[in-house]
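What follows is a single structure, written as structure tokens, with notes after it.
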Amino acid sequence: MKTQEQPWRKKTYEKATLELKLFVVDQILTGQISTNSASKKYDVPRTTITYWLRKYSTLVQQNTGMSKNDEIKKLKEKIEELEFQKDFQQDIIADMELITGVDMSKKSLPKTLAKEIELKKKARIKESGFMDVLGLANKLSTKDSKYNENKK
């Protein structure tokens, strides 16, 4: 025989350990699980989980050793590093385009990056007269090619 639940009685919950609370908060903050699914999965009311989030989210951040200022500083350093990598790669692409005479960037990169590479190529040409040497090496005139054939 089925026993009927009495609607006037509150549902009783087991006391959650600190480890469980921190684990649930960490999962929610990292986006692995939502508050609703955590509530169902761990049989804890959503309001309680919301309370844990307010109470323990700063504790989790302290355990990872990151304050907001530290996080901002770290992100700025990462941006600088990525900008350096981008500039380095653009320099390599510009040099390769000057050496080979093939415009790879226009075909395979977004327009903004292709424009930046084009500007780098122009700056390289201005600073060292690259084009005179490379232009002759890459593009033999018809006279030069006929002259080389006659020598053979």
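Numbering starts fresh at 1 for the residues of each chain in the structure tokens, the chains themselves are lettered A, B, ... in the order given, and ligands are numbered from 1 as they appear.
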Which residues are near range 88-90 of chain A? Cut-off 9 Å, only C-alpha atoms, ignore same chain within fewer than 3 positions. Put them as a ChimeraX atom specification. /A:83-85,93-95,113-114,116-117,120
Residues near range 15-21 of chain A, anyone? I mean within 7 Å using only C-alpha atoms, not counting same-chain ones fewer than 3 positions away, as a PDB file with C-alpha atoms, in the first residue's frame.
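Saved file result-v2.pdb follows:
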ATOM      1  CA  VAL A  24      28.927  22.142  -6.266  1.00  0.00           C
ATOM      2  CA  VAL A  25      29.914  25.832  -6.270  1.00  0.00           C
ATOM      3  CA  TRP A  52      26.312  28.655  -1.188  1.00  0.00           C
TER       4      TRP A  52
END
Point out the residue among A:Asp43, A:Glu81, A:Glu97, A:Asp103 with the least atom-to-atom distance to Glu14 in chain A, counting only C-alpha atoms. A:Asp43
Apply DSSP to the backbone of this structure and, from range 5-101 of chain A, keep only the residues in helix (DSSP H, G or I); write these as JSON, numbers by chain. {"A": [18, 19, 20, 21, 22, 23, 24, 25, 26, 27, 28, 29, 35, 36, 37, 38, 39, 40, 41, 42, 46, 47, 48, 49, 50, 51, 52, 53, 54, 55, 56, 57, 58, 59, 60, 61, 62, 63, 64, 68, 69, 70, 71, 72, 73, 74, 75, 76, 77, 78, 79, 80, 81, 82, 83, 84, 85, 86, 87, 88, 89, 90, 91, 92, 93, 94, 95, 96, 97, 98, 99, 100]}
Those residues with C-alpha atoms, as a compact mmCIF listing (two decimals), in the first residue's frame please?
# COMPACT_ATOMS: atom_id res chain seq x y z
CA LEU A 18 31.87 21.66 3.17
CA GLU A 19 33.56 19.59 0.48
CA LEU A 20 30.22 18.97 -1.25
CA LYS A 21 29.30 22.65 -1.05
CA LEU A 22 32.62 23.75 -2.53
CA PHE A 23 32.43 21.06 -5.20
CA VAL A 24 28.93 22.14 -6.27
CA VAL A 25 29.91 25.83 -6.27
CA ASP A 26 33.02 25.06 -8.34
CA GLN A 27 31.02 23.06 -10.88
CA ILE A 28 28.49 25.87 -11.26
CA LEU A 29 31.15 28.58 -11.56
CA THR A 35 21.97 25.58 -10.55
CA ASN A 36 18.78 23.69 -11.42
CA SER A 37 20.57 20.50 -12.39
CA ALA A 38 22.80 20.71 -9.31
CA SER A 39 19.68 21.06 -7.20
CA LYS A 40 18.19 17.90 -8.71
CA LYS A 41 21.44 15.94 -8.82
CA TYR A 42 22.47 16.58 -5.20
CA ARG A 46 18.00 25.92 -5.40
CA THR A 47 17.82 28.67 -2.81
CA THR A 48 20.39 26.82 -0.72
CA ILE A 49 22.69 26.49 -3.71
CA THR A 50 22.29 30.20 -4.42
CA TYR A 51 23.25 30.90 -0.82
CA TRP A 52 26.31 28.65 -1.19
CA LEU A 53 27.28 30.52 -4.33
CA ARG A 54 27.20 33.86 -2.53
CA LYS A 55 28.98 32.53 0.51
CA TYR A 56 31.63 30.23 -1.01
CA SER A 57 32.36 31.66 -4.44
CA THR A 58 34.80 34.16 -2.94
CA LEU A 59 36.34 31.34 -0.90
CA VAL A 60 36.91 29.30 -4.06
CA GLN A 61 38.55 32.33 -5.71
CA GLN A 62 40.78 32.80 -2.67
CA ASN A 63 41.80 29.15 -2.82
CA THR A 64 42.88 29.56 -6.42
CA LYS A 68 40.27 40.43 -9.55
CA ASN A 69 43.31 42.70 -9.89
CA ASP A 70 45.61 39.70 -10.28
CA GLU A 71 43.29 38.23 -12.86
CA ILE A 72 43.20 41.51 -14.81
CA LYS A 73 47.00 41.74 -14.65
CA LYS A 74 47.35 38.17 -15.90
CA LEU A 75 44.91 38.79 -18.75
CA LYS A 76 46.78 41.95 -19.79
CA GLU A 77 50.03 39.98 -19.87
CA LYS A 78 48.36 37.31 -22.00
CA ILE A 79 47.09 39.99 -24.41
CA GLU A 80 50.60 41.42 -24.75
CA GLU A 81 52.00 37.96 -25.41
CA LEU A 82 49.38 37.22 -28.07
CA GLU A 83 49.95 40.59 -29.75
CA PHE A 84 53.69 39.85 -29.87
CA GLN A 85 53.00 36.45 -31.44
CA LYS A 86 50.66 38.03 -33.98
CA ASP A 87 53.26 40.65 -34.95
CA PHE A 88 55.96 37.99 -35.23
CA GLN A 89 53.79 35.81 -37.44
CA GLN A 90 52.85 38.78 -39.60
CA ASP A 91 56.53 39.65 -40.00
CA ILE A 92 57.26 36.10 -41.14
CA ILE A 93 54.36 36.14 -43.59
CA ALA A 94 55.43 39.53 -44.95
CA ASP A 95 59.01 38.32 -45.43
CA MET A 96 57.85 35.12 -47.14
CA GLU A 97 55.61 37.09 -49.47
CA LEU A 98 58.49 39.38 -50.36
CA ILE A 99 60.83 36.44 -50.99
CA THR A 100 58.40 34.29 -52.96
